[in-house]
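Below is one structure; the comments refer to it alone.
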There are 4 protein chains.
Amino acid sequence: MLGYGFMGDAYSRALLALRNQDVPLRPELVSLSGRTAEPLERARARWEWAEAVSDWRKQVEDDRVALFVNGGPNDVHAAPTIAAARAGKHVVCEKPLGRDAGESYEMWEAAESAGVTHLCGFNYRFVPAVRLARELLDAGELGEVVHFRLRYLQSWSWDADPKAWRFDPHRSGTGVLGDIGSHAIDLARYLVGEITAVATAVQTIVPGRRVDDHFVAAIEFENGVKGTLEGSQLAIGHANSNAFEINGTKGSLGFDVERLNELEVGDAHGFRRVLVTQPEHPFMRFWWPHGHIIGWGETFVHELAHVFGAIAGEHSVSPHGATFEDGYRCAEVIDAILRSAENRTWERVAYR
Amino acid sequence: MLGYGFMGDAYSRALLALRNQDVPLRPELVSLSGRTAEPLERARARWEWAEAVSDWRKQVEDDRVALFVNGGPNDVHAAPTIAAARAGKHVVCEKPLGRDAGESYEMWEAAESAGVTHLCGFNYRFVPAVRLARELLDAGELGEVVHFRLRYLQSWSWDADPKAWRFDPHRSGTGVLGDIGSHAIDLARYLVGEITAVATAVQTIVPGRRVDDHFVAAIEFENGVKGTLEGSQLAIGHANSNAFEINGTKGSLGFDVERLNELEVGDAHGFRRVLVTQPEHPFMRFWWPHGHIIGWGETFVHELAHVFGAIAGEHSVSPHGATFEDGYRCAEVIDAILRSAENRTWERVAYR
Amino acid sequence: MLGYGFMGDAYSRALLALRNQDVPLRPELVSLSGRTAEPLERARARWEWAEAVSDWRKQVEDDRVALFVNGGPNDVHAAPTIAAARAGKHVVCEKPLGRDAGESYEMWEAAESAGVTHLCGFNYRFVPAVRLARELLDAGELGEVVHFRLRYLQSWSWDADPKAWRFDPHRSGTGVLGDIGSHAIDLARYLVGEITAVATAVQTIVPGRRVDDHFVAAIEFENGVKGTLEGSQLAIGHANSNAFEINGTKGSLGFDVERLNELEVGDAHGFRRVLVTQPEHPFMRFWWPHGHIIGWGETFVHELAHVFGAIAGEHSVSPHGATFEDGYRCAEVIDAILRSAENRTWERVAYR
Amino acid sequence: MLGYGFMGDAYSRALLALRNQDVPLRPELVSLSGRTAEPLERARARWEWAEAVSDWRKQVEDDRVALFVNGGPNDVHAAPTIAAARAGKHVVCEKPLGRDAGESYEMWEAAESAGVTHLCGFNYRFVPAVRLARELLDAGELGEVVHFRLRYLQSWSWDADPKAWRFDPHRSGTGVLGDIGSHAIDLARYLVGEITAVATAVQTIVPGRRVDDHFVAAIEFENGVKGTLEGSQLAIGHANSNAFEINGTKGSLGFDVERLNELEVGDAHGFRRVLVTQPEHPFMRFWWPHGHIIGWGETFVHELAHVFGAIAGEHSVSPHGATFEDGYRCAEVIDAILRSAENRTWERVAYR
């Protein structure tokens, strides 16, 4: 694995957790790489990685490594991941895949050409309530989708350290768009379908900031559905509220990551709050009896279990996992959002 | 008054209720007009109007009439209201003011030239929680506004009678845009400021329908705030959910008409549910001790009390009531929404 | 009518409102009585009562009076109401019926002997969601009831004027028990059945107060259901939260007066929030299209409409309205609660 | 550890998780014991226990064992735990401590005499929101407590296997009382203080069941507070809703295990929903940035981290952990609940 920050912790913990779950492969934590020696060694020791190396190239060359998990900053997504894929390693890369659509395309192309399993870390697909939403949609329980709206609101960035890599456009690519807008776009694509056009505004509200910190968008899907998307890390009162609602001809679904064990299911009589912890609910075979909620960190357990299943040939990464193609397509939507904000027109999402 | 339908009931009830409230004028229910004799007489009798007339021109000529309330369908907003204003009567007209910006402008111009008091029936301004929101904003409690989002969702129109006047574009002007989009726009303008540009999609989803039944919009305000607006009467699970959220540099506010006695007030610790029924809250002097909620119908009592105060010279209609200018400006936003959907560009809202 | 305070306003407004509703009788507001001249005349003028009298005996002797509504303090419930009933007038008396079970029994006995229509003002029976709950129970939708819990919480009484009649045991009988405990008990009886035994604690928390201000109770019903009841006017954060939940063998129901247009309906999948404003819902024929909520004051409109129907012979007061028998039975439960708190045992509710 | 069922999984997972947390001791999973060979070996393998033994006496004699965790059924709580304590091992025992107060007292006495660290597995004390509630109470933020109410509702037991040990009174001691009533009582004691008297009803609703499946109680605390308690596993619509509210002279707190990352904090303006995931909130040093919720399973991580701290001499088990004394005192409250239901009087909780 590359990376020892927030995502490094999330993936390390999930890898260890999978040693005690019924999955077809058993992870060995071979090697952790990162730039700065001291926190790298601390993370290695905490999560019991066998070794820490300062150069990810050593991992790419390491025959013991079968799966390369990239949880580093956005500017070290492309080169290490591409190299790992070309070296025949399966690859998991945190979102956003690349810093823009071009970089993301290269990553997809490399992984696909190499014939390895590839997954982009859109972990919200692995929330039980989100998977259940998709299953209900697939089963036609909502009829045909007619509306979609999602807004992803946090508030931490008013006082954030301006020197963080997230605010350096060279390192991050974009600001709120890549960080949480990408999650928003991926959920829209996963649940409703391909996004074909966007009309947007993109802002930088905090003085002196060099990346976007707010966007709004009207969006259109290939199947004709119109919706809205918004992302902000300046919305006071919200900690991590990634909330969507889908309305269909027969019913509606609502969800918020802050209550990730709940799915709101609407019909003509109103909305019902369903606690998605019943034994038959997605992923619940890993956990507890009904009513004992799981945490955000468990989405990474589900995600990596899905990767292991794909590597073991039990199923493909698609449709329930996001492939690098999904990561790339998401990046094209972000690029279209930026173009629309610049050109002040509806912009079609263009794929190469 | 003109009109004996839903709005006729709402206004008649409110007029009667004001006879028992501490307001500067006492209403006499002089004359009710409408097209169809039988329901007209039934409404007259129910609400104890002194007479019913089939032609509103009689009301315009009637010296006993000091205030003309127009609660009829959209196609009879302009001519009767303009005539009444020219005859020196104060005028209240249901939203949307006219069927388009041109008609609305004429109405505003006529009322303003006549020097009469004029109010457009955006009754949600008279929800205590909405007025409180405005007062908190005016007092700087939220700091500067940075985000705004509102979606107004109902679900009744899947099975609606296609022959209703609301679905006849000549009679209604637009569909969901004029009916509830106008409320959405007016609240945005009342709470955040003038809308300057929109990027939108407008749809007709129900087969055979001749007016729009869904719109989404990215919007920009004069003060730089960007936001989203949406309106639908096809959103299953929602009965009358006009819900907005405003985020500022110091706090946030949330509201939903389905819980119209509540205001959500957010700060760094989360959102607090405030029951807006304390004696010191807006309009509560008319009602009950704390905790005894009021209904939607009461917004018309507050609205007409405001009109009476304006007629009596106690205050102007603005800023808390919507004047015909507000009705006109709302209509220009709707026209811009339609142009943007047609032209597929951001459209500036243009005022004549 | 007797009384010009909070309840005087609630009843006067409802009487006027019924002049414009489809009910079998049309109320004329003949006479208002009360102790203190100035507020009495103000109330008379506000609500357009034809006359104000300082002595309720004049009303009892007045042939024009067909219905006597007693909205005065508890110490003037018995004598005037009994006299009115004996004079052949139909009687409505605010809760609690008398100051204790003995006084309540006399009132019931007098009204019953006189053969007049009698109703005790438990207005929460006339909340649409509460009536719907009862209808669902009657229809067997919940199967057999197994649990019941209700707690009625307000917070106004920390700072209340100690000289108010509510805190004078001679005038009020009891404190929180009679004021809101009676509502709690009546809802329990209306929804689940007769209460047969209680085990309780009753307290006076505010120093110097001469009436109870908090009670807790374990309760048993005739049908074997066990439950809990609690009442307090010292529960900070609550304005008027009368909230119950009923669990049956097939489903559950939840309700809170602070959201009186909503009923929570639970099944194996969770709870659904039902907005009780659909045309087919109880009492909605009086009001608006779906989604336009009604207020607390409307419960008095429904209650008096029910009284009018009973007087007109359309139906009896029972089971949906509370008769004086219900008022008396509620008083026996309160007396049992007091005995249990005193004796520190389960006490059977004893009826004479 | 003894036990390989639900609790076995919860403790095993938490022990492994603590190998990667900053705690003063590093757990080695030495030995797992249990009755039935096949599931025992499956659990051993899953959680990587070094060995599985069919007789817990081997563990008691095993010098490598420093901490004995008893996650078995109630009838194997006492003997193994007492033996382990006498052998000088620190002991953690699942709730309820013993099957009655006598057995619980012996366990406490044995552990205390042996001078070992002892903790009874009331894991809800280790929910961040519950710890925060206690900290707010300790800091006087609520003033003095005046009311307490808690009801713990599940619904799984309508269709439960009647042959399960939980329904065998010899093996379980009691039914709902010991299973979730004990949690309710422990939270009451942890948050408000010692319970001194109870007035209760205890039922068996499901035909043929040999243990209680519903109880209601009015309760009194040493500090004068009165409250209500209820427990049921027959409340349809609830999965695992352990919900309490505390009202004080200055504010209120509300909590529900189904939303275990949230604390409702009330003041005169209403209730605020606080997401208890901020870095400074209890236990959050183990987890993620604000807004990324944790699951029910994490409470065991916190609980065992607390045990490790106590063993390492960093702090005592009390007041934040439940000692065997707390387990015993809880058992006395349960015994008083049973006596009260039998005797139909308020019963004082008697401690030996």
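Numbering starts fresh at 1 for the residues of each chain in the structure tokens, the chains themselves are lettered A, B, ... in the order given, and ligands are numbered from 1 as they appear.
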- Message: Please check the contacts: residues of chain B at most 9 Å away from chain A, using only C-alpha atoms, listed as a VMD selection string.
- Response: chain B and resid 146 to 147 155 158 199 to 203 205 214 to 220 226 to 230 232 234 to 239 246 to 252 265 to 271 340 343 to 347
- Item | Distance query Gly295 in chain A at most 10 Å, only C-alpha atoms, self and fewer than 6 positions along chain excluded, as a ChimeraX atom specification | /A:127,258-261 /D:261,292-298
Could you save the residues just selected, with N, CA and C atoms, as a PDB file, in the first residue's frame?
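And here's again-v3.pdb as it stands now:
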```pdb
ATOM      1  N   VAL A 127     -21.778   0.966   1.152  1.00  0.00           N
ATOM      2  CA  VAL A 127     -22.704   1.165   2.275  1.00  0.00           C
ATOM      3  C   VAL A 127     -23.897   0.231   2.053  1.00  0.00           C
ATOM      4  N   GLU A 258     -24.494  10.482   7.067  1.00  0.00           N
ATOM      5  CA  GLU A 258     -24.436  10.685   8.519  1.00  0.00           C
ATOM      6  C   GLU A 258     -25.303   9.670   9.271  1.00  0.00           C
ATOM      7  N   ARG A 259     -26.262   9.075   8.577  1.00  0.00           N
ATOM      8  CA  ARG A 259     -27.064   7.985   9.159  1.00  0.00           C
ATOM      9  C   ARG A 259     -26.964   6.791   8.228  1.00  0.00           C
ATOM     10  N   LEU A 260     -25.767   6.262   8.106  1.00  0.00           N
ATOM     11  CA  LEU A 260     -25.504   5.353   6.983  1.00  0.00           C
ATOM     12  C   LEU A 260     -26.151   3.992   7.132  1.00  0.00           C
ATOM     13  N   ASN A 261     -26.734   3.702   8.278  1.00  0.00           N
ATOM     14  CA  ASN A 261     -27.452   2.441   8.429  1.00  0.00           C
ATOM     15  C   ASN A 261     -28.925   2.548   8.067  1.00  0.00           C
TER      16      ASN A 261
ATOM     17  N   ASN D 261     -24.308   7.447  17.210  1.00  0.00           N
ATOM     18  CA  ASN D 261     -23.357   8.543  17.062  1.00  0.00           C
ATOM     19  C   ASN D 261     -23.978   9.907  17.373  1.00  0.00           C
ATOM     20  N   HIS D 292     -17.665  10.827  10.304  1.00  0.00           N
ATOM     21  CA  HIS D 292     -17.518   9.447   9.839  1.00  0.00           C
ATOM     22  C   HIS D 292     -17.882   8.549  11.011  1.00  0.00           C
ATOM     23  N   ILE D 293     -19.097   8.051  10.964  1.00  0.00           N
ATOM     24  CA  ILE D 293     -19.663   7.420  12.155  1.00  0.00           C
ATOM     25  C   ILE D 293     -19.027   6.066  12.459  1.00  0.00           C
ATOM     26  N   ILE D 294     -19.122   5.687  13.723  1.00  0.00           N
ATOM     27  CA  ILE D 294     -18.621   4.384  14.139  1.00  0.00           C
ATOM     28  C   ILE D 294     -19.801   3.443  14.396  1.00  0.00           C
ATOM     29  N   GLY D 295     -19.502   2.160  14.541  1.00  0.00           N
ATOM     30  CA  GLY D 295     -20.545   1.151  14.705  1.00  0.00           C
ATOM     31  C   GLY D 295     -20.652   0.645  16.133  1.00  0.00           C
ATOM     32  N   TRP D 296     -21.668  -0.171  16.331  1.00  0.00           N
ATOM     33  CA  TRP D 296     -21.940  -0.753  17.627  1.00  0.00           C
ATOM     34  C   TRP D 296     -20.752  -1.592  18.109  1.00  0.00           C
ATOM     35  N   GLY D 297     -20.114  -2.309  17.199  1.00  0.00           N
ATOM     36  CA  GLY D 297     -19.002  -3.172  17.566  1.00  0.00           C
ATOM     37  C   GLY D 297     -17.848  -2.417  18.208  1.00  0.00           C
ATOM     38  N   GLU D 298     -17.720  -1.151  17.895  1.00  0.00           N
ATOM     39  CA  GLU D 298     -16.605  -0.363  18.431  1.00  0.00           C
ATOM     40  C   GLU D 298     -16.738  -0.139  19.936  1.00  0.00           C
TER      41      GLU D 298
END
```
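Between CA of Leu15 in chain C and CA of Pro128 in chain B lies a distance of 25.1 Å.
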- Skipping near chain neighbours, those fewer than 3 positions away, what residues fall within 12 Å of Ala43 in chain D using only C-alpha atoms, listed as a count of residues only? 33
- Item | Close residues, Glu325 in chain B itself excluded, 10 Å, only C-alpha atoms, min 4 positions apart in chain, as a ChimeraX atom specification | /B:97,104-105,107-109,111-112,118-120,318,329-331
Go ahead and write the residues just picked, N, CA, C and O atoms, as a PDB file, in the first residue's frame.
```pdb
ATOM      1  N   LEU B  97     -48.260  36.036 -10.393  1.00  0.00           N
ATOM      2  CA  LEU B  97     -48.981  37.285 -10.640  1.00  0.00           C
ATOM      3  C   LEU B  97     -49.678  37.227 -12.005  1.00  0.00           C
ATOM      4  O   LEU B  97     -50.904  37.223 -12.081  1.00  0.00           O
ATOM      5  N   SER B 104     -47.315  40.189 -16.043  1.00  0.00           N
ATOM      6  CA  SER B 104     -47.034  40.569 -14.658  1.00  0.00           C
ATOM      7  C   SER B 104     -46.579  42.020 -14.580  1.00  0.00           C
ATOM      8  O   SER B 104     -46.941  42.759 -13.646  1.00  0.00           O
ATOM      9  N   TYR B 105     -45.788  42.412 -15.565  1.00  0.00           N
ATOM     10  CA  TYR B 105     -45.292  43.793 -15.568  1.00  0.00           C
ATOM     11  C   TYR B 105     -46.455  44.773 -15.678  1.00  0.00           C
ATOM     12  O   TYR B 105     -46.520  45.773 -14.961  1.00  0.00           O
ATOM     13  N   MET B 107     -49.437  44.384 -14.727  1.00  0.00           N
ATOM     14  CA  MET B 107     -50.186  44.407 -13.469  1.00  0.00           C
ATOM     15  C   MET B 107     -49.475  45.286 -12.442  1.00  0.00           C
ATOM     16  O   MET B 107     -50.091  46.081 -11.731  1.00  0.00           O
ATOM     17  N   TRP B 108     -48.158  45.101 -12.373  1.00  0.00           N
ATOM     18  CA  TRP B 108     -47.394  45.920 -11.434  1.00  0.00           C
ATOM     19  C   TRP B 108     -47.517  47.405 -11.808  1.00  0.00           C
ATOM     20  O   TRP B 108     -47.799  48.243 -10.961  1.00  0.00           O
ATOM     21  N   GLU B 109     -47.330  47.669 -13.086  1.00  0.00           N
ATOM     22  CA  GLU B 109     -47.354  49.047 -13.577  1.00  0.00           C
ATOM     23  C   GLU B 109     -48.706  49.690 -13.259  1.00  0.00           C
ATOM     24  O   GLU B 109     -48.768  50.823 -12.783  1.00  0.00           O
ATOM     25  N   ALA B 111     -50.940  48.824 -10.941  1.00  0.00           N
ATOM     26  CA  ALA B 111     -51.184  49.007  -9.510  1.00  0.00           C
ATOM     27  C   ALA B 111     -50.340  50.154  -8.972  1.00  0.00           C
ATOM     28  O   ALA B 111     -50.796  50.960  -8.154  1.00  0.00           O
ATOM     29  N   GLU B 112     -49.102  50.215  -9.435  1.00  0.00           N
ATOM     30  CA  GLU B 112     -48.193  51.256  -8.957  1.00  0.00           C
ATOM     31  C   GLU B 112     -48.689  52.634  -9.414  1.00  0.00           C
ATOM     32  O   GLU B 112     -48.720  53.588  -8.626  1.00  0.00           O
ATOM     33  N   HIS B 118     -50.673  47.015  -3.087  1.00  0.00           N
ATOM     34  CA  HIS B 118     -50.729  45.771  -3.870  1.00  0.00           C
ATOM     35  C   HIS B 118     -49.833  44.712  -3.249  1.00  0.00           C
ATOM     36  O   HIS B 118     -48.724  44.991  -2.822  1.00  0.00           O
ATOM     37  N   LEU B 119     -50.366  43.513  -3.219  1.00  0.00           N
ATOM     38  CA  LEU B 119     -49.631  42.378  -2.657  1.00  0.00           C
ATOM     39  C   LEU B 119     -49.876  41.141  -3.497  1.00  0.00           C
ATOM     40  O   LEU B 119     -51.014  40.862  -3.884  1.00  0.00           O
ATOM     41  N   CYS B 120     -48.804  40.420  -3.778  1.00  0.00           N
ATOM     42  CA  CYS B 120     -48.905  39.155  -4.506  1.00  0.00           C
ATOM     43  C   CYS B 120     -48.863  38.037  -3.465  1.00  0.00           C
ATOM     44  O   CYS B 120     -48.005  38.023  -2.573  1.00  0.00           O
ATOM     45  N   SER B 318     -43.660  46.093   1.395  1.00  0.00           N
ATOM     46  CA  SER B 318     -42.265  45.642   1.432  1.00  0.00           C
ATOM     47  C   SER B 318     -41.646  45.969   2.773  1.00  0.00           C
ATOM     48  O   SER B 318     -42.049  46.943   3.401  1.00  0.00           O
ATOM     49  N   ARG B 329     -40.977  40.369 -10.713  1.00  0.00           N
ATOM     50  CA  ARG B 329     -39.584  39.914 -10.738  1.00  0.00           C
ATOM     51  C   ARG B 329     -39.507  38.381 -10.696  1.00  0.00           C
ATOM     52  O   ARG B 329     -38.663  37.770 -11.349  1.00  0.00           O
ATOM     53  N   CYS B 330     -40.395  37.802  -9.948  1.00  0.00           N
ATOM     54  CA  CYS B 330     -40.488  36.344  -9.946  1.00  0.00           C
ATOM     55  C   CYS B 330     -40.795  35.826 -11.349  1.00  0.00           C
ATOM     56  O   CYS B 330     -40.213  34.834 -11.806  1.00  0.00           O
ATOM     57  N   ALA B 331     -41.701  36.504 -12.029  1.00  0.00           N
ATOM     58  CA  ALA B 331     -42.074  36.082 -13.383  1.00  0.00           C
ATOM     59  C   ALA B 331     -40.892  36.190 -14.339  1.00  0.00           C
ATOM     60  O   ALA B 331     -40.727  35.359 -15.248  1.00  0.00           O
TER      61      ALA B 331
END
```
- Taking the backbone alone, and naming residues the way the document does, which bits of range 11-105 of chain C are strand (DSSP E) by DSSP, as a count of residues only? 14
- Neighbours of Ala243 in chain B within 8 Å (only C-alpha atoms; same-chain residues fewer than 2 positions away dropped), as a VMD selection string? chain B and resid 150 to 152 241 245 254 to 257
- Message: Could you tell me how far CA of Phe126 in chain C sits from CA of Glu303 in chain C, in Å to one decimal place?
- Response: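 We find that CA of Glu303 in chain C and CA of Phe126 in chain C lie 5.9 Å from each other.
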- Message: Report as a PyMOL selection string all protein, DNA and RNA residues lying within 8 Å of range 169-181 of chain A, evaluated on only C-alpha atoms, omitting residues in the same chain fewer than 6 positions from it.
- Response: chain A and resi 73-75+95-96+98-100+152+210-215+230-233+334
